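Asks: Below is the file work_11.cif, which contains mmCIF, N, CA and C atoms.
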```
data_model
#
loop_
_atom_site.label_atom_id
_atom_site.label_comp_id
_atom_site.auth_asym_id
_atom_site.auth_seq_id
_atom_site.Cartn_x
_atom_site.Cartn_y
_atom_site.Cartn_z
N MET G 585 -20.83 8.33 4.84
CA MET G 585 -20.48 6.92 4.91
C MET G 585 -19.97 6.64 6.32
N ASP G 586 -20.47 5.59 6.94
CA ASP G 586 -20.02 5.28 8.30
C ASP G 586 -18.70 4.52 8.26
N ASN G 587 -18.07 4.40 9.42
CA ASN G 587 -16.75 3.78 9.53
C ASN G 587 -16.73 2.36 9.00
N LYS G 588 -17.74 1.56 9.35
CA LYS G 588 -17.76 0.16 8.94
C LYS G 588 -17.81 0.04 7.42
N LYS G 589 -18.65 0.84 6.79
CA LYS G 589 -18.76 0.77 5.33
C LYS G 589 -17.48 1.22 4.65
N LEU G 590 -16.84 2.25 5.20
CA LEU G 590 -15.58 2.70 4.61
C LEU G 590 -14.51 1.62 4.72
N MET G 591 -14.45 0.95 5.86
CA MET G 591 -13.46 -0.12 6.04
C MET G 591 -13.74 -1.27 5.07
N GLN G 592 -15.01 -1.60 4.86
CA GLN G 592 -15.37 -2.65 3.89
C GLN G 592 -14.97 -2.22 2.48
N PHE G 593 -15.17 -0.94 2.18
CA PHE G 593 -14.78 -0.41 0.88
C PHE G 593 -13.27 -0.51 0.67
N LEU G 594 -12.50 -0.21 1.72
CA LEU G 594 -11.05 -0.33 1.62
C LEU G 594 -10.63 -1.76 1.32
N GLY G 595 -11.27 -2.71 1.99
CA GLY G 595 -10.97 -4.12 1.73
C GLY G 595 -11.29 -4.52 0.30
N LEU G 596 -12.40 -4.04 -0.21
CA LEU G 596 -12.78 -4.33 -1.60
C LEU G 596 -11.76 -3.73 -2.57
N CYS G 597 -11.34 -2.51 -2.32
CA CYS G 597 -10.34 -1.86 -3.16
C CYS G 597 -9.01 -2.60 -3.12
N GLN G 598 -8.63 -3.09 -1.95
CA GLN G 598 -7.39 -3.86 -1.83
C GLN G 598 -7.45 -5.12 -2.67
N ARG G 599 -8.56 -5.84 -2.57
CA ARG G 599 -8.72 -7.08 -3.36
C ARG G 599 -8.73 -6.80 -4.86
N ALA G 600 -9.20 -5.61 -5.24
CA ALA G 600 -9.23 -5.24 -6.66
C ALA G 600 -7.90 -4.69 -7.15
N GLY G 601 -6.94 -4.54 -6.23
CA GLY G 601 -5.63 -4.03 -6.62
C GLY G 601 -5.61 -2.52 -6.82
N LYS G 602 -6.52 -1.82 -6.19
CA LYS G 602 -6.63 -0.37 -6.37
C LYS G 602 -6.15 0.43 -5.17
N LEU G 603 -5.35 -0.19 -4.31
CA LEU G 603 -4.80 0.49 -3.13
C LEU G 603 -3.29 0.30 -3.08
N ALA G 604 -2.62 1.32 -2.60
CA ALA G 604 -1.21 1.22 -2.22
C ALA G 604 -1.19 1.53 -0.73
N SER G 605 -0.44 0.77 0.03
CA SER G 605 -0.44 1.00 1.47
C SER G 605 0.97 1.04 2.01
N GLY G 606 1.08 1.53 3.23
CA GLY G 606 2.38 1.69 3.84
C GLY G 606 3.02 2.99 3.35
N GLU G 607 3.96 3.48 4.09
CA GLU G 607 4.54 4.78 3.75
C GLU G 607 5.25 4.78 2.41
N THR G 608 6.05 3.77 2.12
CA THR G 608 6.81 3.75 0.87
C THR G 608 5.90 3.56 -0.33
N GLY G 609 5.03 2.56 -0.28
CA GLY G 609 4.13 2.30 -1.40
C GLY G 609 3.19 3.45 -1.67
N ALA G 610 2.69 4.03 -0.61
CA ALA G 610 1.76 5.15 -0.75
C ALA G 610 2.47 6.39 -1.27
N ALA G 611 3.65 6.67 -0.76
CA ALA G 611 4.39 7.85 -1.22
C ALA G 611 4.76 7.72 -2.69
N ASN G 612 5.18 6.53 -3.11
CA ASN G 612 5.51 6.30 -4.52
C ASN G 612 4.29 6.48 -5.41
N ALA G 613 3.12 6.03 -4.95
CA ALA G 613 1.90 6.16 -5.75
C ALA G 613 1.54 7.63 -5.95
N VAL G 614 1.76 8.46 -4.96
CA VAL G 614 1.49 9.89 -5.10
C VAL G 614 2.48 10.51 -6.08
N LYS G 615 3.76 10.21 -5.91
CA LYS G 615 4.79 10.79 -6.78
C LYS G 615 4.64 10.37 -8.23
N ASN G 616 4.20 9.13 -8.46
CA ASN G 616 4.03 8.62 -9.82
C ASN G 616 2.73 9.11 -10.46
N GLY G 617 1.90 9.79 -9.70
CA GLY G 617 0.63 10.27 -10.23
C GLY G 617 -0.45 9.21 -10.26
N GLU G 618 -0.21 8.06 -9.63
CA GLU G 618 -1.19 6.98 -9.64
C GLU G 618 -2.28 7.16 -8.59
N ALA G 619 -1.97 7.83 -7.49
CA ALA G 619 -2.91 7.95 -6.37
C ALA G 619 -3.86 9.12 -6.60
N GLU G 620 -5.11 8.94 -6.21
CA GLU G 620 -6.09 10.01 -6.29
C GLU G 620 -6.51 10.50 -4.91
N LEU G 621 -6.44 9.65 -3.91
CA LEU G 621 -6.84 9.99 -2.55
C LEU G 621 -5.89 9.35 -1.57
N VAL G 622 -5.51 10.09 -0.55
CA VAL G 622 -4.62 9.61 0.50
C VAL G 622 -5.42 9.56 1.80
N ILE G 623 -5.38 8.42 2.48
CA ILE G 623 -5.98 8.31 3.80
C ILE G 623 -4.85 8.08 4.79
N VAL G 624 -4.76 8.96 5.78
CA VAL G 624 -3.73 8.86 6.81
C VAL G 624 -4.41 8.56 8.14
N ALA G 625 -3.88 7.63 8.88
CA ALA G 625 -4.45 7.25 10.18
C ALA G 625 -4.33 8.41 11.16
N GLU G 626 -5.35 8.53 12.00
CA GLU G 626 -5.35 9.58 13.03
C GLU G 626 -4.18 9.43 13.99
N ASN G 627 -3.77 8.20 14.27
CA ASN G 627 -2.67 8.00 15.21
C ASN G 627 -1.32 7.81 14.52
N ALA G 628 -1.21 8.24 13.27
CA ALA G 628 0.08 8.26 12.59
C ALA G 628 0.93 9.34 13.24
N SER G 629 2.22 9.23 13.11
CA SER G 629 3.10 10.23 13.71
C SER G 629 2.90 11.59 13.04
N ASP G 630 3.24 12.63 13.77
CA ASP G 630 3.13 13.98 13.21
C ASP G 630 4.00 14.12 11.96
N ASN G 631 5.16 13.49 11.96
CA ASN G 631 6.04 13.54 10.81
C ASN G 631 5.39 12.88 9.59
N THR G 632 4.74 11.74 9.80
CA THR G 632 4.06 11.05 8.70
C THR G 632 2.91 11.89 8.16
N LYS G 633 2.13 12.47 9.06
CA LYS G 633 1.02 13.32 8.62
C LYS G 633 1.53 14.51 7.82
N LYS G 634 2.60 15.14 8.29
CA LYS G 634 3.16 16.29 7.57
C LYS G 634 3.68 15.86 6.21
N LYS G 635 4.37 14.75 6.16
CA LYS G 635 4.93 14.24 4.91
C LYS G 635 3.83 14.04 3.87
N PHE G 636 2.74 13.41 4.27
CA PHE G 636 1.67 13.15 3.31
C PHE G 636 0.84 14.40 3.00
N ASN G 637 0.67 15.29 3.97
CA ASN G 637 0.00 16.56 3.69
C ASN G 637 0.78 17.36 2.66
N ASP G 638 2.09 17.44 2.85
CA ASP G 638 2.94 18.18 1.92
C ASP G 638 2.93 17.54 0.53
N SER G 639 3.05 16.22 0.51
CA SER G 639 3.07 15.50 -0.76
C SER G 639 1.75 15.64 -1.51
N ALA G 640 0.65 15.49 -0.79
CA ALA G 640 -0.67 15.61 -1.42
C ALA G 640 -0.90 17.03 -1.94
N ALA G 641 -0.46 18.03 -1.19
CA ALA G 641 -0.62 19.41 -1.63
C ALA G 641 0.23 19.68 -2.87
N TYR G 642 1.46 19.20 -2.87
CA TYR G 642 2.36 19.43 -4.00
C TYR G 642 1.84 18.78 -5.27
N TYR G 643 1.34 17.55 -5.16
CA TYR G 643 0.88 16.81 -6.33
C TYR G 643 -0.63 16.98 -6.57
N ASN G 644 -1.26 17.89 -5.82
CA ASN G 644 -2.67 18.22 -5.98
C ASN G 644 -3.58 16.99 -5.82
N LYS G 645 -3.37 16.25 -4.74
CA LYS G 645 -4.19 15.08 -4.42
C LYS G 645 -4.99 15.35 -3.15
N LYS G 646 -6.09 14.66 -2.99
CA LYS G 646 -6.93 14.81 -1.81
C LYS G 646 -6.38 13.97 -0.67
N ILE G 647 -6.54 14.46 0.55
CA ILE G 647 -6.07 13.72 1.72
C ILE G 647 -7.12 13.84 2.82
N ILE G 648 -7.34 12.72 3.54
CA ILE G 648 -8.21 12.74 4.71
C ILE G 648 -7.50 12.00 5.84
N VAL G 649 -7.80 12.40 7.04
CA VAL G 649 -7.29 11.72 8.24
C VAL G 649 -8.47 10.94 8.80
N PHE G 650 -8.30 9.62 8.91
CA PHE G 650 -9.42 8.77 9.29
C PHE G 650 -8.92 7.49 9.96
N GLY G 651 -9.63 7.03 10.97
CA GLY G 651 -9.35 5.75 11.61
C GLY G 651 -8.00 5.72 12.29
N ASP G 652 -7.62 4.53 12.68
CA ASP G 652 -6.29 4.37 13.25
C ASP G 652 -5.52 3.32 12.45
N LYS G 653 -4.23 3.20 12.76
CA LYS G 653 -3.36 2.32 11.99
C LYS G 653 -3.84 0.87 12.02
N TYR G 654 -4.35 0.43 13.15
CA TYR G 654 -4.79 -0.96 13.28
C TYR G 654 -6.05 -1.21 12.45
N GLU G 655 -6.99 -0.26 12.47
CA GLU G 655 -8.22 -0.39 11.68
C GLU G 655 -7.91 -0.42 10.19
N LEU G 656 -7.05 0.48 9.74
CA LEU G 656 -6.71 0.53 8.32
C LEU G 656 -6.04 -0.76 7.87
N GLY G 657 -5.11 -1.24 8.67
CA GLY G 657 -4.43 -2.50 8.33
C GLY G 657 -5.38 -3.67 8.31
N ARG G 658 -6.22 -3.77 9.33
CA ARG G 658 -7.19 -4.88 9.40
C ARG G 658 -8.17 -4.84 8.23
N ALA G 659 -8.57 -3.65 7.82
CA ALA G 659 -9.53 -3.50 6.73
C ALA G 659 -8.98 -4.04 5.41
N ILE G 660 -7.66 -3.94 5.23
CA ILE G 660 -7.08 -4.39 3.96
C ILE G 660 -6.33 -5.71 4.09
N GLY G 661 -6.47 -6.35 5.26
CA GLY G 661 -5.87 -7.67 5.45
C GLY G 661 -4.37 -7.64 5.65
N LYS G 662 -3.86 -6.57 6.21
CA LYS G 662 -2.42 -6.42 6.43
C LYS G 662 -2.17 -6.04 7.88
N ASP G 663 -0.88 -5.91 8.23
CA ASP G 663 -0.51 -5.38 9.54
C ASP G 663 -0.90 -3.91 9.58
N GLU G 664 -0.66 -3.27 10.70
CA GLU G 664 -1.05 -1.87 10.82
C GLU G 664 -0.46 -1.02 9.70
N ARG G 665 -1.25 -0.06 9.24
CA ARG G 665 -0.84 0.84 8.17
C ARG G 665 -1.15 2.27 8.57
N ALA G 666 -0.17 3.15 8.39
CA ALA G 666 -0.37 4.56 8.72
C ALA G 666 -1.05 5.30 7.57
N SER G 667 -0.95 4.74 6.36
CA SER G 667 -1.55 5.42 5.22
C SER G 667 -1.92 4.42 4.14
N VAL G 668 -2.93 4.78 3.39
CA VAL G 668 -3.33 4.03 2.18
C VAL G 668 -3.65 5.04 1.10
N LYS G 669 -3.49 4.64 -0.14
CA LYS G 669 -3.77 5.49 -1.29
C LYS G 669 -4.67 4.77 -2.26
N PHE G 670 -5.66 5.47 -2.77
CA PHE G 670 -6.51 4.91 -3.80
C PHE G 670 -5.85 5.18 -5.15
N LEU G 671 -5.73 4.14 -5.96
CA LEU G 671 -5.12 4.26 -7.28
C LEU G 671 -6.20 4.39 -8.34
#
```
Taking this structure as input, can you express it in the form of structure tokens?
Replies:
Amino acid sequence: MDNKKLMQFLGLCQRAGKLASGETGAANAVKNGEAELVIVAENASDNTKKKFNDSAAYYNKKIIVFGDKYELGRAIGKDERASVKFL
């Protein structure tokens, strides 16, 4: 899947209410067992990447590093986002 299609897919998921975004919302979705996939921006801080890698590993969720914070935010109609979670 190319970048443009993935960003369109993220926007569709946001409109359908199937995304949690931002560090707090995304972290809560993982802890509650609601999230199935974590996307972390390439330009997120090392601390943020470690936090979500550890959380995804502990709760047995998939994680990918993709795009940047501005692209992820723009794709879902929000300000910049370091992470999004598929619910």
Asks: For each of G:Lys646, G:Leu590, G:Gly606, G:Ala640, take the minimum atom-to-atom distance to Glu664 of chain G, counting all atoms listed in the file, then give the residue where this is smallest.
Replies: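 Of all the options, G:Gly606 lies closest to Glu664 of chain G.
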Asks: Pick the closest to Asn644 of chain G from G:Val624, G:Ala619, G:Val668, G:Leu596: which is it, counting only N, CA and C atoms?
Replies: G:Ala619
Asks: Could you please determine the separation between atom N of Ser629 of chain G and atom CA of Asp652 of chain G in Å, to one decimal place?
Replies: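 Interatomic distance, atom N of Ser629 of chain G to atom CA of Asp652 of chain G: 9.8 Å.
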Asks: Could you tell me, as a list in words, exactly which residues end up selected when the PyMOL selection byres (((chain G and resi 643 and name CA) around 8) and name CA) is applied to this structure?
Replies: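 Applying the expression gives Val614, Lys615, Gly617, Ser639, Ala640, Ala641, Tyr642, Asn644 and Lys645 of chain G.
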Asks: Once 8 Å is added on each side, what are the centre and the three edge lengths, in Å to one decimal, of the axis-aligned box enclosing the listed atoms of segment 642-646 of chain G? Present them as lines of an AutoDock Vina configuration file.
Replies:
```
center_x = -2.3
center_y = 16.7
center_z = -3.6
size_x = 25.3
size_y = 21.5
size_z = 21.9
```
Asks: Would you please give, as a PyMOL selection string, all residues of chain G that DSSP assigns to alpha helix (DSSP H) based on the backbone?
Replies: chain G and resi 587-599+607-615+630-642+653-659
Asks: Among chain G, which ones does DSSP place in strand (DSSP E or B), written as a PyMOL selection string?
Replies: chain G and resi 603-605+621-624+646-649+667-670
Asks: To one decimal place, how far is atom N of Gly661 of chain G from atom CA of Arg599 of chain G in Å?
Replies: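 Rounded to one decimal, the two atoms are 8.9 Å apart.
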Asks: Using only C-alpha atoms, which protein or nucleic acid residues come within 12 Å of Ala659 of chain G? Drop anything in the same chain fewer than 2 positions from it, and give the result as a list in words.
Replies: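 Near neighbours after the sequence-gap exclusion: Asn587, Lys588, Lys589, Leu590, Met591, Gln592, Phe593, Leu594, Gly595, Leu596, Cys597, Gln598, Arg599, Leu603, Ser605, Gly651, Asp652, Lys653, Tyr654, Glu655, Leu656, Gly657, Gly661, Lys662, Asp663, Glu664, Arg665 and Val668 of chain G.
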Asks: In terms of the shortest atom-to-atom distance over only C-alpha atoms, which of G:Ser667, G:Glu620, G:Ile648, G:Ala628 is closest to Lys602 of chain G?
Replies: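 The closest residue to Lys602 of chain G is G:Glu620.
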Asks: Please compute the atom CA of Thr608 of chain G-atom N of Ile647 of chain G distance, one decimal, in Å.
Replies: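 Taking atom CA of Thr608 of chain G as the start and atom N of Ile647 of chain G as the end point, the length is 17.1 Å.
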Asks: Between G:Ile660, G:Ala666, G:Leu621, G:Val649, single out the one closest to Glu607 of chain G, counting only C-alpha atoms.
Replies: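 Closest to Glu607 of chain G, using only C-alpha atoms: G:Ala666.
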Asks: May I ask you to restore all heavy atoms in segment 657-668 of chain G and write the result as a compact mmCIF listing (two decimals), in the coordinates of the input?
Replies:
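Result went into result-v5.txt, see below:
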```
# COMPACT_ATOMS: atom_id res chain seq x y z
N GLY G 657 -5.11 -1.24 8.67
CA GLY G 657 -4.43 -2.50 8.33
C GLY G 657 -5.38 -3.67 8.31
O GLY G 657 -5.37 -4.48 7.38
N ARG G 658 -6.22 -3.77 9.33
CA ARG G 658 -7.19 -4.88 9.40
C ARG G 658 -8.17 -4.84 8.23
O ARG G 658 -8.50 -5.87 7.67
CB ARG G 658 -7.92 -4.82 10.74
CG ARG G 658 -8.79 -6.02 11.01
CD ARG G 658 -9.39 -6.06 12.41
NE ARG G 658 -10.00 -4.80 12.81
CZ ARG G 658 -9.58 -4.04 13.82
NH1 ARG G 658 -8.54 -4.40 14.54
NH2 ARG G 658 -10.19 -2.91 14.12
N ALA G 659 -8.57 -3.65 7.82
CA ALA G 659 -9.53 -3.50 6.73
C ALA G 659 -8.98 -4.04 5.41
O ALA G 659 -9.73 -4.55 4.58
CB ALA G 659 -9.94 -2.04 6.56
N ILE G 660 -7.66 -3.94 5.23
CA ILE G 660 -7.08 -4.39 3.96
C ILE G 660 -6.33 -5.71 4.09
O ILE G 660 -5.65 -6.14 3.18
CB ILE G 660 -6.16 -3.32 3.35
CG1 ILE G 660 -4.97 -3.00 4.24
CG2 ILE G 660 -6.96 -2.06 3.04
CD1 ILE G 660 -3.94 -2.09 3.62
N GLY G 661 -6.47 -6.35 5.26
CA GLY G 661 -5.87 -7.67 5.45
C GLY G 661 -4.37 -7.64 5.65
O GLY G 661 -3.68 -8.59 5.28
N LYS G 662 -3.86 -6.57 6.21
CA LYS G 662 -2.42 -6.42 6.43
C LYS G 662 -2.17 -6.04 7.88
O LYS G 662 -3.08 -5.85 8.65
CB LYS G 662 -1.86 -5.31 5.53
CG LYS G 662 -2.19 -5.44 4.08
CD LYS G 662 -1.04 -5.94 3.33
CE LYS G 662 -1.39 -5.96 1.83
NZ LYS G 662 -0.58 -6.87 1.12
N ASP G 663 -0.88 -5.91 8.23
CA ASP G 663 -0.51 -5.38 9.54
C ASP G 663 -0.90 -3.91 9.58
O ASP G 663 -1.36 -3.36 8.58
CB ASP G 663 0.99 -5.52 9.77
CG ASP G 663 1.42 -6.98 9.92
OD1 ASP G 663 0.58 -7.79 10.36
OD2 ASP G 663 2.57 -7.29 9.60
N GLU G 664 -0.66 -3.27 10.70
CA GLU G 664 -1.05 -1.87 10.82
C GLU G 664 -0.46 -1.02 9.70
O GLU G 664 0.65 -1.26 9.24
CB GLU G 664 -0.63 -1.31 12.18
CG GLU G 664 0.86 -1.30 12.42
CD GLU G 664 1.21 -0.81 13.81
OE1 GLU G 664 0.87 -1.50 14.78
OE2 GLU G 664 1.84 0.26 13.89
N ARG G 665 -1.25 -0.06 9.24
CA ARG G 665 -0.84 0.84 8.17
C ARG G 665 -1.15 2.27 8.57
O ARG G 665 -2.24 2.59 9.00
CB ARG G 665 -1.62 0.55 6.87
CG ARG G 665 -1.38 -0.82 6.31
CD ARG G 665 0.01 -0.94 5.74
NE ARG G 665 0.14 -2.22 5.08
CZ ARG G 665 1.20 -2.98 5.16
NH1 ARG G 665 2.21 -2.60 5.87
NH2 ARG G 665 1.25 -4.12 4.54
N ALA G 666 -0.17 3.15 8.39
CA ALA G 666 -0.37 4.56 8.72
C ALA G 666 -1.05 5.30 7.57
O ALA G 666 -1.66 6.33 7.77
CB ALA G 666 0.96 5.23 9.05
N SER G 667 -0.95 4.74 6.36
CA SER G 667 -1.55 5.42 5.22
C SER G 667 -1.92 4.42 4.14
O SER G 667 -1.31 3.37 3.99
CB SER G 667 -0.57 6.45 4.64
OG SER G 667 0.58 5.80 4.19
N VAL G 668 -2.93 4.78 3.39
CA VAL G 668 -3.33 4.03 2.18
C VAL G 668 -3.65 5.04 1.10
O VAL G 668 -4.06 6.17 1.37
CB VAL G 668 -4.54 3.09 2.42
CG1 VAL G 668 -4.21 1.98 3.37
CG2 VAL G 668 -5.76 3.86 2.88
```
